[in-house]
Each structure stands twice: as C-alpha cells, then as structure tokens.
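One structure below.
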Amino acid sequence: MTSLVNSLRNIRSPAQRLNRQEVWCLLRFDQLDSTIETFWSESKVTSFINVPKNRSKMEMGALSAQGVPAGYKATKNKVEGLPGRHAEQVLCNNFARLLADYKKTPQIVEIFLSDSPCLNASNAENGFPQGCAHKFLQLANSYTTIPSWRIYYEQVYAGNNDREVPNSQQSINLLSGHARIVIGMIDPTLLT
Ligand SMILES: [Zn+2]
C-alpha cells in the first residue's frame with residue numbers, strides 16, 4: 001500500500017506532470033491510505049483515444065464513455081476546443097461510485113490539490129454547477145451524513161498573470177464558511 005506521503009511525492013514529481021498547468025487531486029476516505037484515489041485535470045484539447053499511459057483508467061473511462069459532446073467536432077483522435085475537465089470535476093463525477101465501492105459512509109473525506117479550487121472556471125456537468133468551489137459545496141450538501149470534509153491545496157490557484165487570485169480567495173472563503181468543510185494549505189511535513 002502506498003502511504004499518503006509517498007502518493008503525494010509521486011504525484012508531485014516532474015515526471016508525472018505533463019505540463020505546468022496540469023492539476024492533480026488525491027482523495028482519501030477516513031485517513032486510510034488504501035482508499036487513496038488520484039485524479040488529473042484534462043488538457044484543453046483533449047484526446048479521448050490517446051490518453052497518456054500514466055493517467056487512470058477511471059479518467060479514460062469518463063472520457064471515452066461520453067464520446068464527442070454535442071457541438072464539438074472530432075478529428076482523428078481529438079475533440080477540438082473541448083474545455084478540459086478540472087481535476088475536482090473528475091473527482092465529483094466519480095464520487096458516487098467511489099462511495100459505493102467503499103460500502104460505508106466515510107466520517108472524513110480528505111481532498112489534496114495542487115491548486116485551490118476555481119470559483120467559476122469549470123463547466124457545469126452531471127448536475128454539478130459551474131466552478132469547482134461550487135461543485136465541492138454541492139458535494140458536501142448532497143452527502144449530509146459525511147461530517148468532515150477537509151480540502152488541502154499546495155498553492156492558491158493563480159491562473160494567467162495572477163488573474164484568478166481574487167476568485168480563488170473567494171472560493172476559499174466560500175468553502176471555509178461551510179459548517180462541515182475545512183480548507184487550508186497542505187501540511188508541509190507531508191510534502192517531503
Ligand atoms: Zn476548477
């Protein structure tokens with residue numbers, strides 16, 4: 001079993017990240033390392049056939065099962081101009097299935113992120129609203145029997161020329177205002 005520290009070390013290694021914009025996300029239930037799941041953001045022009053080998057099958061499944069969304073044109077192996085899903089969005093799309101696999105209600109859901117959640121940049125999808133902060137609020141509000149949601153990020157999401165910083169701060173404030181959510185930076189002792 002891979003420990004949380006090792007999982008974080010692995011996912012943060014330069015070899016893992018396809019580009020600097022790529023966002024990673026780890027999910028853990030009840031602080032059990034055996035439950036760790038990994039999610040990546042999808043690049044803007046997404047290939048749904050040539051998915052990189054080091055990305056999870058879950059993500060591949062999520063992409064290929066959807067096929068080409070309405071209004072987008074597929075070339076040989078790409079959907080041109082399709083906005084990529086954010087890592088948090090991929091997590092939200094898979095959350096119900098992960099809960100079903102776990103077979104009980106977690107008392108603690110921990111989410112570790114390279115970047116703090118966006119306010120409104122990710123698309124509305126699968127009944128979740130626009131923006132990853134709003135998606136997480138909906139998740140917490142949908143699963144009221146989960147008492148503790150803990151969201152940790154390595155850096156505040158800044159976007160191009162730091163344009164997203166005020167929005168990111170608003171996201172953090174929104175989430176920290178929820179009674180069952182705590183949000184803060186990743187404990188530096190976990191980032192060795
Ligand atoms: Zn986002």
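How things are named: the first chain in the structure tokens is A, the next is B, and so on; residues count from 1 in each chain; ligands count from 1 in the order shown.
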
_Any residue with an atom at most 12 Å from ligand 1 counts, using only C-alpha atoms and all ligand atoms. Which are they? Put them as number ranges by chain._
A: 21-25, 40-42, 83-92, 113-124, 128-136, 156-159, 164, 167-168, 171

*Excluding A:Thr189 and any residue of its chain fewer than 5 positions from it, enumerate the residues within 12 Å of it, using only C-alpha atoms, and give them as a ChimeraX atom specification.*
/A:4-5,8-9,154

Residue selection dump (C-alpha atoms) as a PDB file, in the first residue's frame:
ATOM      1  CA  LEU A   4      -0.149   9.407   1.677  1.00  0.00           C
ATOM      2  CA  VAL A   5       3.355  10.906   1.799  1.00  0.00           C
ATOM      3  CA  LEU A   8       1.979  12.991  -2.741  1.00  0.00           C
ATOM      4  CA  ARG A   9       5.670  12.629  -3.565  1.00  0.00           C
ATOM      5  CA  GLU A 154      -0.387  23.218  -2.266  1.00  0.00           C
TER       6      GLU A 154
END

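Counting only C-alpha atoms and comparing A:Ile151, A:Ala15, A:Leu139, A:Leu175, the residue that lies closest to A:Asp187 is A:Ile151.
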
*Picked from stretch 66-186 of chain A by DSSP as strand (DSSP E or B), as a PyMOL selection string*: chain A and resi 74+79+108-115+125+128+148-155+181-185

Requested write-out: C-alpha atoms of the selected residues, as a PDB file, in the first residue's frame:
ATOM      1  CA  ALA A  74     -13.898  15.217 -33.553  1.00  0.00           C
ATOM      2  CA  VAL A  79     -12.079  16.815 -29.773  1.00  0.00           C
ATOM      3  CA  ILE A 108     -13.696  12.054   6.962  1.00  0.00           C
ATOM      4  CA  VAL A 109     -13.239  12.918   3.295  1.00  0.00           C
ATOM      5  CA  GLU A 110      -9.852  14.456   2.533  1.00  0.00           C
ATOM      6  CA  ILE A 111      -9.068  16.120  -0.791  1.00  0.00           C
ATOM      7  CA  PHE A 112      -5.492  17.143  -1.592  1.00  0.00           C
ATOM      8  CA  LEU A 113      -4.972  19.513  -4.532  1.00  0.00           C
ATOM      9  CA  SER A 114      -2.033  21.093  -6.339  1.00  0.00           C
ATOM     10  CA  ASP A 115      -4.133  24.246  -6.737  1.00  0.00           C
ATOM     11  CA  GLU A 125     -21.796  18.955 -15.688  1.00  0.00           C
ATOM     12  CA  PHE A 128     -22.926  19.927 -10.633  1.00  0.00           C
ATOM     13  CA  SER A 148     -15.989  16.172   7.921  1.00  0.00           C
ATOM     14  CA  TRP A 149     -14.719  17.400   4.563  1.00  0.00           C
ATOM     15  CA  ARG A 150     -11.090  18.545   4.546  1.00  0.00           C
ATOM     16  CA  ILE A 151      -9.715  20.274   1.475  1.00  0.00           C
ATOM     17  CA  TYR A 152      -5.996  20.986   1.250  1.00  0.00           C
ATOM     18  CA  TYR A 153      -4.076  22.727  -1.524  1.00  0.00           C
ATOM     19  CA  GLU A 154      -0.387  23.218  -2.266  1.00  0.00           C
ATOM     20  CA  GLN A 155      -0.816  26.669  -3.799  1.00  0.00           C
ATOM     21  CA  ILE A 181     -15.767  21.844   5.430  1.00  0.00           C
ATOM     22  CA  VAL A 182     -12.295  22.930   6.484  1.00  0.00           C
ATOM     23  CA  ILE A 183      -9.879  24.219   3.874  1.00  0.00           C
ATOM     24  CA  GLY A 184      -6.225  25.164   4.140  1.00  0.00           C
ATOM     25  CA  MET A 185      -2.766  24.571   2.785  1.00  0.00           C
TER      26      MET A 185
END

*If you count only C-alpha atoms, which residues fall within 9 Å of A:His178, apart from same-chain ones fewer than 4 positions away, as a ChimeraX atom specification?*
/A:137,140,174,182

Those residues with C-alpha atoms, as an mmCIF file, in the first residue's frame please?
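File result.cif, as written:
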data_model
loop_
_atom_site.group_PDB
_atom_site.id
_atom_site.type_symbol
_atom_site.label_atom_id
_atom_site.label_comp_id
_atom_site.auth_asym_id
_atom_site.auth_seq_id
_atom_site.Cartn_x
_atom_site.Cartn_y
_atom_site.Cartn_z
ATOM 1 C CA LEU A 137 -20.222 22.811 -1.800
ATOM 2 C CA ALA A 140 -20.975 18.412 0.911
ATOM 3 C CA LEU A 174 -16.950 30.229 0.461
ATOM 4 C CA VAL A 182 -12.295 22.930 6.484
#

_Report, in Å with one decimal, the straight-line distance from atom CA of A:Leu98 to atom CA of A:Pro147._
17.1 Å

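Across stretch 74-137 of chain A, DSSP run on the backbone finds helix (DSSP H, G or I) at Ala87, Glu88, Gln89, Val90, Leu91, Cys92, Asn93, Asn94, Phe95, Ala96, Arg97, Leu98, Leu99, Ala100, Asp101, Tyr102, Cys132, Ala133, His134, Lys135, Phe136 and Leu137 of chain A.
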
_Shell of 10 Å around A:Tyr102, only C-alpha atoms, local chain residues under 5 positions omitted, as a VMD selection string_ = chain A and resid 29 35 96 to 97

Output the selection as a PDB file, in the first residue's frame - N, CA and C atoms for each residue.
ATOM      1  N   PHE A  29     -10.476   8.473   2.045  1.00  0.00           N
ATOM      2  CA  PHE A  29     -11.573   8.307   2.998  1.00  0.00           C
ATOM      3  C   PHE A  29     -11.018   7.877   4.354  1.00  0.00           C
ATOM      4  N   THR A  35      -7.460   3.761   0.532  1.00  0.00           N
ATOM      5  CA  THR A  35      -8.574   4.338  -0.215  1.00  0.00           C
ATOM      6  C   THR A  35      -8.142   5.466  -1.152  1.00  0.00           C
ATOM      7  N   ALA A  96     -19.794   9.291  -6.405  1.00  0.00           N
ATOM      8  CA  ALA A  96     -20.852   8.351  -6.013  1.00  0.00           C
ATOM      9  C   ALA A  96     -20.368   6.903  -6.156  1.00  0.00           C
ATOM     10  N   ARG A  97     -19.640   6.643  -7.229  1.00  0.00           N
ATOM     11  CA  ARG A  97     -19.129   5.290  -7.450  1.00  0.00           C
ATOM     12  C   ARG A  97     -18.094   4.905  -6.383  1.00  0.00           C
TER      13      ARG A  97
END
